[in-house]
Amino acid sequence: MTDIRQRSRGGLQKVRPPTGGWTEPWIAAQHPSIESSQSRAKASPRQDIATILAFGKATQWQQALSVLRDMVLTKMDFNVFSYSAGISACEKGKQWQLALELLSEMRQVRVEPNIFISCNAGISACEKGEQWRRALALLGEMLEATVEPDVLLSYSAGISACDKGKQWQQALALLSEMCEAKVESNIFSYSAGISACQKCKKWQFALALLSEMCEAKVESNVFSYSAGVSALEKGSQWQQALSLFSEMREARVEPSAISYGAGISACERGEEWDQALWLLCEARQGKVKLDILHYNIAITACGKSKEWQASLSLFREMQQEKIEPDRYSLTGATIACSRQWEWQQALSVALELWQSKLEPDTFSLSATIRALVWGISRQQKT
């Protein structure tokens, strides 16, 4: 696997300074919505940094950058901490472009970025903005720096960026590089790697990472297990998915709604309707909040296996639980009934579909016509 330093050799894109120099922050000039707070009472640099951090925590990045702009314009004692606070505000506000602009501006005004704070916040901003290439480029710069970065946090943010960018190979390469650099992976880095494999339908690699976690004595949580179950669902590996549920119980990890949704979907793909109902029942007993998606998948699973009674029972149960059926719920129940020539039941559900003012699709119309034709033929024979 290619080393991250080679992949990010180009580094960050250079931000061109304005023709007038750096007397005014370029970030403020490019974003007129960031206005100067002229009426704000004069405060010490420490107070201003605290204000920037407070605005950042409240995801009010414009106000945070306004305070930072004032500090620079008034030539106050701005430093690495004030800029880092601004970058952190951009990260929380999902403004990755501004975060990178601030990092570049720091160098232009001769404020050396803090590897621990500034750069990690920049990587996190790129991760939230789904800019995995820029995140890896910044990570590469950090690894080439003379100051040792907070590598665990940096690597985890980089892997998370690869996860969001569906770059499973890059995510595994970073995990491998962590091992080579003797940086111990934690639950966050592993979970992000498993999630990346899940999104790219690489269930074998997802299981390998879960196994590696166990060997490394990193305790799995509901997020890592859920990502693993989702990977197996996408790979149509329903038996392995149920096996993971068993592991979760042994580890005393409570499955979430996401876990159950992926597990039920895996059983639906494998046409294991009884297993799907079993998971649905277990979720209800565990007081997990289920939604329409869980029921729709279970109804479809029953319909595929021609279990019209179970499908219809789930449809009625949704109404009892005050979950409003949608077009897919009604279509699934209609198809399940029509497949077993239960024309009266199919027409009853179809009637509810039309009365609900939901637009029927091709499948529900075909199932209704099929049931109607069968019903007419039966009436004629009698």
# chains A, B, ... in the order shown; residues from 1 in each chain; ligands from 1
$ select_by_dssp --residues "range 31-279 of chain A" --states "alpha helix (DSSP H)" --output "compact mmCIF listing (two decimals) with N, CA and C atoms, in the first residue's frame"
# COMPACT_ATOMS: atom_id res chain seq x y z
N PRO A 45 -6.67 39.89 24.39
CA PRO A 45 -6.55 38.77 23.44
C PRO A 45 -7.12 37.47 24.00
N ARG A 46 -6.88 37.25 25.29
CA ARG A 46 -7.39 36.02 25.90
C ARG A 46 -8.91 36.00 25.89
N GLN A 47 -9.53 37.16 26.17
CA GLN A 47 -10.99 37.23 26.14
C GLN A 47 -11.54 37.03 24.72
N ASP A 48 -10.82 37.60 23.75
CA ASP A 48 -11.25 37.44 22.36
C ASP A 48 -11.17 35.98 21.92
N ILE A 49 -10.13 35.29 22.32
CA ILE A 49 -9.99 33.88 21.97
C ILE A 49 -11.13 33.07 22.60
N ALA A 50 -11.46 33.40 23.84
CA ALA A 50 -12.57 32.72 24.52
C ALA A 50 -13.88 32.99 23.79
N THR A 51 -14.04 34.21 23.27
CA THR A 51 -15.25 34.56 22.51
C THR A 51 -15.32 33.79 21.21
N ILE A 52 -14.18 33.68 20.52
CA ILE A 52 -14.14 32.91 19.27
C ILE A 52 -14.51 31.45 19.53
N LEU A 53 -13.95 30.90 20.60
CA LEU A 53 -14.25 29.51 20.94
C LEU A 53 -15.73 29.32 21.27
N ALA A 54 -16.31 30.30 21.97
CA ALA A 54 -17.73 30.22 22.34
C ALA A 54 -18.61 30.27 21.09
N PHE A 55 -18.27 31.18 20.15
CA PHE A 55 -19.03 31.26 18.91
C PHE A 55 -18.88 29.96 18.11
N GLY A 56 -17.67 29.41 18.11
CA GLY A 56 -17.44 28.16 17.39
C GLY A 56 -18.26 27.02 17.96
N LYS A 57 -18.31 26.94 19.28
CA LYS A 57 -19.08 25.89 19.94
C LYS A 57 -20.56 26.00 19.60
N TRP A 61 -19.96 30.46 13.05
CA TRP A 61 -18.62 30.68 12.51
C TRP A 61 -18.44 32.10 11.98
N GLN A 62 -19.51 32.72 11.47
CA GLN A 62 -19.37 34.09 10.97
C GLN A 62 -18.96 35.04 12.09
N GLN A 63 -19.63 34.91 13.25
CA GLN A 63 -19.29 35.78 14.38
C GLN A 63 -17.89 35.50 14.89
N ALA A 64 -17.50 34.22 14.89
CA ALA A 64 -16.16 33.86 15.35
C ALA A 64 -15.10 34.50 14.47
N LEU A 65 -15.31 34.45 13.14
CA LEU A 65 -14.33 35.03 12.23
C LEU A 65 -14.36 36.56 12.27
N SER A 66 -15.50 37.12 12.64
CA SER A 66 -15.57 38.58 12.78
C SER A 66 -14.67 39.05 13.92
N VAL A 67 -14.68 38.31 15.01
CA VAL A 67 -13.81 38.66 16.15
C VAL A 67 -12.35 38.50 15.75
N LEU A 68 -12.03 37.40 15.05
CA LEU A 68 -10.66 37.18 14.60
C LEU A 68 -10.22 38.29 13.64
N ARG A 69 -11.11 38.70 12.76
CA ARG A 69 -10.80 39.78 11.82
C ARG A 69 -10.46 41.07 12.56
N ASP A 70 -11.24 41.38 13.58
CA ASP A 70 -10.98 42.59 14.37
C ASP A 70 -9.61 42.54 15.02
N MET A 71 -9.23 41.35 15.51
CA MET A 71 -7.94 41.21 16.17
C MET A 71 -6.80 41.51 15.20
N VAL A 72 -6.95 41.05 13.95
CA VAL A 72 -5.90 41.27 12.96
C VAL A 72 -5.88 42.71 12.49
N LEU A 73 -7.05 43.28 12.24
CA LEU A 73 -7.13 44.65 11.74
C LEU A 73 -6.59 45.66 12.75
N VAL A 80 -1.19 31.97 17.37
CA VAL A 80 -1.60 30.66 16.91
C VAL A 80 -2.90 30.21 17.56
N PHE A 81 -3.13 30.63 18.80
CA PHE A 81 -4.33 30.19 19.50
C PHE A 81 -5.59 30.88 18.96
N SER A 82 -5.47 32.16 18.60
CA SER A 82 -6.62 32.86 18.05
C SER A 82 -6.98 32.29 16.67
N TYR A 83 -5.96 32.03 15.84
CA TYR A 83 -6.23 31.44 14.53
C TYR A 83 -6.76 30.00 14.67
N SER A 84 -6.20 29.26 15.60
CA SER A 84 -6.66 27.88 15.81
C SER A 84 -8.12 27.86 16.24
N ALA A 85 -8.49 28.82 17.09
CA ALA A 85 -9.89 28.92 17.52
C ALA A 85 -10.79 29.22 16.33
N GLY A 86 -10.31 30.08 15.42
CA GLY A 86 -11.08 30.39 14.21
C GLY A 86 -11.23 29.18 13.30
N ILE A 87 -10.14 28.41 13.14
CA ILE A 87 -10.19 27.20 12.31
C ILE A 87 -11.15 26.19 12.92
N SER A 88 -11.12 26.08 14.25
CA SER A 88 -12.03 25.16 14.93
C SER A 88 -13.48 25.58 14.73
N ALA A 89 -13.73 26.89 14.72
CA ALA A 89 -15.09 27.39 14.47
C ALA A 89 -15.54 27.02 13.05
N CYS A 90 -14.64 27.14 12.09
CA CYS A 90 -14.96 26.76 10.71
C CYS A 90 -15.23 25.26 10.61
N GLU A 91 -14.45 24.49 11.36
CA GLU A 91 -14.64 23.03 11.35
C GLU A 91 -16.02 22.66 11.87
N LYS A 92 -16.42 23.28 12.99
CA LYS A 92 -17.73 22.99 13.56
C LYS A 92 -18.86 23.51 12.67
N TRP A 96 -15.06 24.01 5.36
CA TRP A 96 -13.71 23.49 5.16
C TRP A 96 -12.85 24.44 4.33
N GLN A 97 -13.48 25.13 3.35
CA GLN A 97 -12.68 26.06 2.53
C GLN A 97 -12.08 27.17 3.39
N LEU A 98 -12.91 27.72 4.29
CA LEU A 98 -12.43 28.80 5.14
C LEU A 98 -11.36 28.31 6.11
N ALA A 99 -11.51 27.07 6.57
CA ALA A 99 -10.51 26.51 7.48
C ALA A 99 -9.15 26.43 6.79
N LEU A 100 -9.13 25.99 5.53
CA LEU A 100 -7.88 25.90 4.80
C LEU A 100 -7.33 27.29 4.47
N GLU A 101 -8.22 28.24 4.19
CA GLU A 101 -7.77 29.60 3.93
C GLU A 101 -7.10 30.21 5.17
N LEU A 102 -7.67 29.91 6.33
CA LEU A 102 -7.07 30.42 7.57
C LEU A 102 -5.70 29.79 7.80
N LEU A 103 -5.57 28.50 7.53
CA LEU A 103 -4.27 27.85 7.68
C LEU A 103 -3.23 28.49 6.77
N SER A 104 -3.63 28.78 5.53
CA SER A 104 -2.71 29.43 4.60
C SER A 104 -2.38 30.85 5.06
N GLU A 105 -3.39 31.56 5.55
CA GLU A 105 -3.19 32.94 6.00
C GLU A 105 -2.23 33.00 7.19
N MET A 106 -2.29 31.98 8.05
CA MET A 106 -1.39 31.95 9.20
C MET A 106 0.06 32.02 8.75
N ARG A 107 0.37 31.27 7.70
CA ARG A 107 1.75 31.27 7.22
C ARG A 107 2.11 32.62 6.61
N GLN A 108 1.15 33.24 5.94
CA GLN A 108 1.42 34.52 5.29
C GLN A 108 1.67 35.63 6.31
N ASN A 120 -5.02 19.69 13.05
CA ASN A 120 -6.03 18.67 13.32
C ASN A 120 -7.43 19.21 13.07
N ALA A 121 -7.66 20.48 13.45
CA ALA A 121 -8.96 21.10 13.18
C ALA A 121 -9.18 21.23 11.67
N GLY A 122 -8.11 21.53 10.93
CA GLY A 122 -8.21 21.60 9.48
C GLY A 122 -8.56 20.26 8.86
N ILE A 123 -7.93 19.19 9.34
CA ILE A 123 -8.24 17.85 8.83
C ILE A 123 -9.69 17.49 9.15
N SER A 124 -10.13 17.81 10.36
CA SER A 124 -11.52 17.52 10.74
C SER A 124 -12.50 18.31 9.89
N ALA A 125 -12.13 19.55 9.55
CA ALA A 125 -12.99 20.36 8.69
C ALA A 125 -13.12 19.72 7.31
N CYS A 126 -12.01 19.24 6.76
CA CYS A 126 -12.04 18.56 5.47
C CYS A 126 -12.85 17.27 5.54
N GLU A 127 -12.73 16.58 6.67
CA GLU A 127 -13.48 15.34 6.86
C GLU A 127 -14.98 15.61 6.86
N LYS A 128 -15.41 16.64 7.57
CA LYS A 128 -16.83 16.97 7.63
C LYS A 128 -17.33 17.48 6.28
N TRP A 132 -11.78 14.25 1.15
CA TRP A 132 -10.78 13.29 1.64
C TRP A 132 -9.40 13.57 1.06
N ARG A 133 -9.32 14.02 -0.18
CA ARG A 133 -8.01 14.31 -0.77
C ARG A 133 -7.30 15.42 -0.01
N ARG A 134 -8.02 16.48 0.30
CA ARG A 134 -7.42 17.60 1.04
C ARG A 134 -7.05 17.18 2.46
N ALA A 135 -7.88 16.32 3.05
CA ALA A 135 -7.57 15.84 4.40
C ALA A 135 -6.26 15.04 4.39
N LEU A 136 -6.09 14.18 3.39
CA LEU A 136 -4.86 13.39 3.31
C LEU A 136 -3.65 14.26 2.98
N ALA A 137 -3.88 15.29 2.16
CA ALA A 137 -2.78 16.20 1.86
C ALA A 137 -2.30 16.92 3.11
N LEU A 138 -3.24 17.38 3.92
CA LEU A 138 -2.89 18.06 5.16
C LEU A 138 -2.24 17.10 6.15
N LEU A 139 -2.74 15.88 6.20
CA LEU A 139 -2.13 14.87 7.06
C LEU A 139 -0.70 14.59 6.63
N GLY A 140 -0.48 14.54 5.32
CA GLY A 140 0.87 14.33 4.81
C GLY A 140 1.81 15.44 5.21
N GLU A 141 1.34 16.69 5.18
CA GLU A 141 2.16 17.82 5.61
C GLU A 141 2.51 17.71 7.09
N MET A 142 1.54 17.27 7.89
CA MET A 142 1.79 17.11 9.31
C MET A 142 2.87 16.07 9.58
N LEU A 143 2.79 14.96 8.84
CA LEU A 143 3.75 13.88 9.07
C LEU A 143 5.16 14.26 8.63
N GLU A 144 5.24 15.21 7.70
CA GLU A 144 6.55 15.67 7.25
C GLU A 144 7.10 16.79 8.12
N VAL A 151 -0.79 12.15 16.37
CA VAL A 151 -1.00 11.26 15.24
C VAL A 151 -2.29 10.45 15.33
N LEU A 152 -2.68 10.03 16.53
CA LEU A 152 -3.88 9.22 16.65
C LEU A 152 -5.10 10.01 16.20
N LEU A 153 -5.23 11.24 16.70
CA LEU A 153 -6.35 12.08 16.30
C LEU A 153 -6.28 12.41 14.82
N SER A 154 -5.07 12.70 14.34
CA SER A 154 -4.89 13.06 12.93
C SER A 154 -5.25 11.90 12.02
N TYR A 155 -4.73 10.71 12.33
CA TYR A 155 -5.03 9.54 11.52
C TYR A 155 -6.53 9.22 11.55
N SER A 156 -7.13 9.31 12.73
CA SER A 156 -8.56 8.99 12.85
C SER A 156 -9.41 9.92 12.00
N ALA A 157 -9.06 11.22 12.02
CA ALA A 157 -9.79 12.18 11.19
C ALA A 157 -9.58 11.88 9.71
N GLY A 158 -8.37 11.49 9.34
CA GLY A 158 -8.08 11.15 7.95
C GLY A 158 -8.86 9.92 7.50
N ILE A 159 -8.92 8.90 8.35
CA ILE A 159 -9.67 7.68 8.01
C ILE A 159 -11.16 8.00 7.90
N SER A 160 -11.64 8.85 8.80
CA SER A 160 -13.05 9.25 8.74
C SER A 160 -13.35 10.00 7.45
N ALA A 161 -12.40 10.81 6.98
CA ALA A 161 -12.57 11.52 5.71
C ALA A 161 -12.64 10.52 4.56
N CYS A 162 -11.81 9.48 4.61
CA CYS A 162 -11.85 8.44 3.58
C CYS A 162 -13.17 7.68 3.63
N ASP A 163 -13.67 7.47 4.83
CA ASP A 163 -14.97 6.80 5.00
C ASP A 163 -16.07 7.60 4.30
N LYS A 164 -16.12 8.89 4.55
CA LYS A 164 -17.17 9.72 3.94
C LYS A 164 -16.99 9.84 2.44
N TRP A 168 -12.34 3.14 0.58
CA TRP A 168 -12.01 2.08 1.53
C TRP A 168 -10.54 1.68 1.46
N GLN A 169 -9.96 1.70 0.27
CA GLN A 169 -8.55 1.31 0.16
C GLN A 169 -7.63 2.32 0.85
N GLN A 170 -7.96 3.60 0.73
CA GLN A 170 -7.19 4.63 1.41
C GLN A 170 -7.32 4.49 2.92
N ALA A 171 -8.54 4.18 3.37
CA ALA A 171 -8.77 4.00 4.81
C ALA A 171 -7.93 2.85 5.36
N LEU A 172 -7.91 1.72 4.63
CA LEU A 172 -7.12 0.57 5.08
C LEU A 172 -5.62 0.86 5.01
N ALA A 173 -5.23 1.67 4.02
CA ALA A 173 -3.82 2.04 3.91
C ALA A 173 -3.39 2.87 5.13
N LEU A 174 -4.26 3.77 5.58
CA LEU A 174 -3.93 4.57 6.76
C LEU A 174 -3.87 3.71 8.01
N LEU A 175 -4.78 2.76 8.14
CA LEU A 175 -4.75 1.85 9.29
C LEU A 175 -3.46 1.03 9.28
N SER A 176 -3.06 0.58 8.10
CA SER A 176 -1.81 -0.18 7.98
C SER A 176 -0.61 0.69 8.33
N GLU A 177 -0.65 1.94 7.88
CA GLU A 177 0.46 2.84 8.17
C GLU A 177 0.55 3.15 9.67
N MET A 178 -0.60 3.24 10.32
CA MET A 178 -0.60 3.45 11.78
C MET A 178 0.12 2.31 12.48
N CYS A 179 -0.15 1.10 12.00
CA CYS A 179 0.49 -0.08 12.59
C CYS A 179 2.01 -0.03 12.39
N GLU A 180 2.42 0.35 11.18
CA GLU A 180 3.85 0.44 10.88
C GLU A 180 4.53 1.52 11.71
N ILE A 187 -11.02 2.85 18.87
CA ILE A 187 -12.35 2.49 18.40
C ILE A 187 -12.81 3.40 17.27
N PHE A 188 -12.38 4.68 17.30
CA PHE A 188 -12.82 5.63 16.27
C PHE A 188 -12.17 5.33 14.92
N SER A 189 -10.88 5.05 14.93
CA SER A 189 -10.20 4.76 13.67
C SER A 189 -10.68 3.44 13.08
N TYR A 190 -10.87 2.43 13.94
CA TYR A 190 -11.37 1.15 13.44
C TYR A 190 -12.80 1.27 12.91
N SER A 191 -13.65 1.98 13.65
CA SER A 191 -15.05 2.12 13.23
C SER A 191 -15.15 2.84 11.90
N ALA A 192 -14.33 3.86 11.72
CA ALA A 192 -14.33 4.59 10.44
C ALA A 192 -13.87 3.69 9.31
N GLY A 193 -12.86 2.85 9.57
CA GLY A 193 -12.39 1.91 8.56
C GLY A 193 -13.45 0.88 8.19
N ILE A 194 -14.14 0.36 9.20
CA ILE A 194 -15.21 -0.61 8.95
C ILE A 194 -16.34 0.04 8.16
N SER A 195 -16.67 1.27 8.52
CA SER A 195 -17.72 2.00 7.82
C SER A 195 -17.36 2.23 6.36
N ALA A 196 -16.08 2.54 6.09
CA ALA A 196 -15.63 2.73 4.71
C ALA A 196 -15.79 1.44 3.90
N CYS A 197 -15.45 0.30 4.51
CA CYS A 197 -15.62 -0.98 3.84
C CYS A 197 -17.09 -1.30 3.61
N GLN A 198 -17.90 -0.94 4.57
CA GLN A 198 -19.34 -1.18 4.46
C GLN A 198 -19.94 -0.41 3.30
N LYS A 199 -19.56 0.85 3.16
CA LYS A 199 -20.12 1.68 2.09
C LYS A 199 -19.71 1.18 0.71
N TRP A 203 -17.45 -6.53 2.58
CA TRP A 203 -17.79 -7.11 3.86
C TRP A 203 -16.66 -7.97 4.43
N GLN A 204 -15.88 -8.61 3.55
CA GLN A 204 -14.77 -9.44 4.05
C GLN A 204 -13.75 -8.59 4.82
N PHE A 205 -13.46 -7.39 4.29
CA PHE A 205 -12.50 -6.51 4.97
C PHE A 205 -13.09 -5.95 6.26
N ALA A 206 -14.39 -5.69 6.24
CA ALA A 206 -15.05 -5.19 7.45
C ALA A 206 -14.95 -6.22 8.57
N LEU A 207 -15.19 -7.49 8.25
CA LEU A 207 -15.07 -8.56 9.25
C LEU A 207 -13.63 -8.72 9.71
N ALA A 208 -12.69 -8.56 8.79
CA ALA A 208 -11.28 -8.68 9.16
C ALA A 208 -10.89 -7.59 10.16
N LEU A 209 -11.42 -6.38 9.97
CA LEU A 209 -11.12 -5.30 10.91
C LEU A 209 -11.76 -5.56 12.28
N LEU A 210 -12.97 -6.09 12.29
CA LEU A 210 -13.61 -6.44 13.57
C LEU A 210 -12.79 -7.50 14.31
N SER A 211 -12.29 -8.46 13.56
CA SER A 211 -11.45 -9.51 14.15
C SER A 211 -10.13 -8.92 14.67
N GLU A 212 -9.57 -7.99 13.89
CA GLU A 212 -8.32 -7.34 14.30
C GLU A 212 -8.53 -6.52 15.58
N MET A 213 -9.69 -5.90 15.69
CA MET A 213 -10.01 -5.14 16.91
C MET A 213 -9.97 -6.04 18.13
N CYS A 214 -10.55 -7.22 17.98
CA CYS A 214 -10.59 -8.18 19.09
C CYS A 214 -9.18 -8.61 19.47
N GLU A 215 -8.34 -8.87 18.47
CA GLU A 215 -6.96 -9.28 18.74
C GLU A 215 -6.16 -8.17 19.40
N VAL A 222 -21.36 -0.17 19.67
CA VAL A 222 -22.52 -0.35 18.81
C VAL A 222 -22.27 0.19 17.40
N PHE A 223 -21.40 1.22 17.28
CA PHE A 223 -21.14 1.80 15.97
C PHE A 223 -20.32 0.85 15.09
N SER A 224 -19.28 0.26 15.67
CA SER A 224 -18.46 -0.67 14.90
C SER A 224 -19.25 -1.92 14.52
N TYR A 225 -20.06 -2.44 15.48
CA TYR A 225 -20.88 -3.60 15.18
C TYR A 225 -21.92 -3.29 14.11
N SER A 226 -22.56 -2.12 14.23
CA SER A 226 -23.59 -1.75 13.26
C SER A 226 -23.01 -1.61 11.86
N ALA A 227 -21.81 -1.02 11.77
CA ALA A 227 -21.15 -0.90 10.47
C ALA A 227 -20.83 -2.29 9.91
N GLY A 228 -20.43 -3.21 10.79
CA GLY A 228 -20.16 -4.58 10.35
C GLY A 228 -21.41 -5.28 9.84
N VAL A 229 -22.52 -5.13 10.57
CA VAL A 229 -23.78 -5.74 10.14
C VAL A 229 -24.23 -5.15 8.81
N SER A 230 -24.07 -3.83 8.65
CA SER A 230 -24.45 -3.17 7.39
C SER A 230 -23.61 -3.68 6.23
N ALA A 231 -22.32 -3.91 6.48
CA ALA A 231 -21.44 -4.46 5.44
C ALA A 231 -21.91 -5.85 5.01
N LEU A 232 -22.29 -6.66 5.98
CA LEU A 232 -22.77 -8.01 5.68
C LEU A 232 -24.12 -7.97 4.97
N GLU A 233 -24.93 -7.00 5.33
CA GLU A 233 -26.23 -6.84 4.66
C GLU A 233 -26.03 -6.54 3.18
N LYS A 234 -25.10 -5.63 2.89
CA LYS A 234 -24.83 -5.27 1.50
C LYS A 234 -24.20 -6.44 0.73
N TRP A 238 -26.57 -12.97 5.35
CA TRP A 238 -27.49 -12.88 6.48
C TRP A 238 -27.05 -13.75 7.66
N GLN A 239 -26.46 -14.89 7.39
CA GLN A 239 -26.02 -15.76 8.50
C GLN A 239 -24.91 -15.10 9.31
N GLN A 240 -23.96 -14.48 8.60
CA GLN A 240 -22.87 -13.78 9.30
C GLN A 240 -23.41 -12.59 10.07
N ALA A 241 -24.43 -11.93 9.51
CA ALA A 241 -25.03 -10.78 10.19
C ALA A 241 -25.66 -11.21 11.51
N LEU A 242 -26.37 -12.33 11.49
CA LEU A 242 -26.98 -12.84 12.73
C LEU A 242 -25.91 -13.28 13.72
N SER A 243 -24.80 -13.78 13.18
CA SER A 243 -23.69 -14.17 14.05
C SER A 243 -23.12 -12.95 14.79
N LEU A 244 -23.06 -11.82 14.09
CA LEU A 244 -22.59 -10.59 14.74
C LEU A 244 -23.54 -10.14 15.84
N PHE A 245 -24.83 -10.35 15.63
CA PHE A 245 -25.81 -10.01 16.67
C PHE A 245 -25.54 -10.86 17.92
N SER A 246 -25.18 -12.11 17.71
CA SER A 246 -24.85 -12.98 18.85
C SER A 246 -23.62 -12.46 19.59
N GLU A 247 -22.63 -12.01 18.81
CA GLU A 247 -21.42 -11.44 19.43
C GLU A 247 -21.76 -10.19 20.24
N MET A 248 -22.66 -9.39 19.72
CA MET A 248 -23.06 -8.18 20.43
C MET A 248 -23.68 -8.52 21.78
N ARG A 249 -24.53 -9.53 21.78
CA ARG A 249 -25.17 -9.94 23.04
C ARG A 249 -24.13 -10.45 24.03
N GLU A 250 -23.18 -11.24 23.54
CA GLU A 250 -22.13 -11.76 24.42
C GLU A 250 -21.27 -10.63 24.99
N ALA A 257 -31.21 0.98 16.58
CA ALA A 257 -32.17 0.90 15.48
C ALA A 257 -31.46 0.66 14.15
N ILE A 258 -30.26 1.25 14.01
CA ILE A 258 -29.48 1.05 12.79
C ILE A 258 -29.04 -0.41 12.67
N SER A 259 -28.60 -0.98 13.79
CA SER A 259 -28.17 -2.39 13.80
C SER A 259 -29.31 -3.29 13.35
N TYR A 260 -30.49 -3.08 13.96
CA TYR A 260 -31.64 -3.92 13.62
C TYR A 260 -32.09 -3.71 12.18
N GLY A 261 -32.06 -2.46 11.73
CA GLY A 261 -32.44 -2.20 10.34
C GLY A 261 -31.56 -2.95 9.35
N ALA A 262 -30.25 -2.93 9.61
CA ALA A 262 -29.32 -3.64 8.73
C ALA A 262 -29.52 -5.15 8.83
N GLY A 263 -29.76 -5.66 10.05
CA GLY A 263 -29.97 -7.09 10.23
C GLY A 263 -31.24 -7.58 9.55
N ILE A 264 -32.33 -6.83 9.70
CA ILE A 264 -33.60 -7.20 9.06
C ILE A 264 -33.45 -7.17 7.54
N SER A 265 -32.73 -6.16 7.04
CA SER A 265 -32.50 -6.05 5.60
C SER A 265 -31.66 -7.22 5.08
N ALA A 266 -30.68 -7.66 5.88
CA ALA A 266 -29.85 -8.81 5.48
C ALA A 266 -30.72 -10.06 5.36
N CYS A 267 -31.64 -10.24 6.31
CA CYS A 267 -32.54 -11.40 6.26
C CYS A 267 -33.50 -11.29 5.08
N GLU A 268 -33.93 -10.09 4.77
CA GLU A 268 -34.83 -9.88 3.62
C GLU A 268 -34.13 -10.25 2.32
N ARG A 269 -32.86 -9.86 2.20
CA ARG A 269 -32.10 -10.20 1.00
C ARG A 269 -31.91 -11.71 0.88
N TRP A 273 -37.57 -14.74 6.05
CA TRP A 273 -38.61 -13.90 6.64
C TRP A 273 -38.77 -14.15 8.14
N ASP A 274 -38.63 -15.40 8.56
CA ASP A 274 -38.81 -15.71 9.98
C ASP A 274 -37.71 -15.08 10.83
N GLN A 275 -36.47 -15.05 10.30
CA GLN A 275 -35.37 -14.41 11.01
C GLN A 275 -35.59 -12.88 11.08
N ALA A 276 -36.13 -12.34 10.00
CA ALA A 276 -36.42 -10.90 9.98
C ALA A 276 -37.45 -10.55 11.05
N LEU A 277 -38.50 -11.37 11.16
CA LEU A 277 -39.53 -11.13 12.18
C LEU A 277 -38.97 -11.32 13.58
N TRP A 278 -38.05 -12.27 13.71
CA TRP A 278 -37.44 -12.52 15.02
C TRP A 278 -36.65 -11.30 15.49
N LEU A 279 -35.89 -10.69 14.57
CA LEU A 279 -35.13 -9.48 14.92
C LEU A 279 -36.07 -8.31 15.23
$ residues_around --residues "Glu321 in chain A" --least-positions-apart "3" --cutoff "12 Å" --atoms "only C-alpha atoms" --output "list in words"
Arg284, Lys289, Leu290, Asp291, Ile292, Tyr295, Leu314, Phe315, Arg316, Glu317, Met318, Glu324 and Pro325 of chain A
$ atom_distance --atom1 "CA of Ala298 in chain A" --atom2 "CA of Lys202 in chain A"
24.5 Å
$ atom_distance --atom1 "CA of Glu219 in chain A" --atom2 "CA of Lys166 in chain A"
24.5 Å
$ closest_residue --among "A:Ala251, A:Glu184, A:Ser220, A:Lys201" --to "Gly235 in chain A" --atoms "only C-alpha atoms"
A:Lys201
$ atom_distance --atom1 "CA of Ser118 in chain A" --atom2 "CA of Asn79 in chain A"
11.4 Å
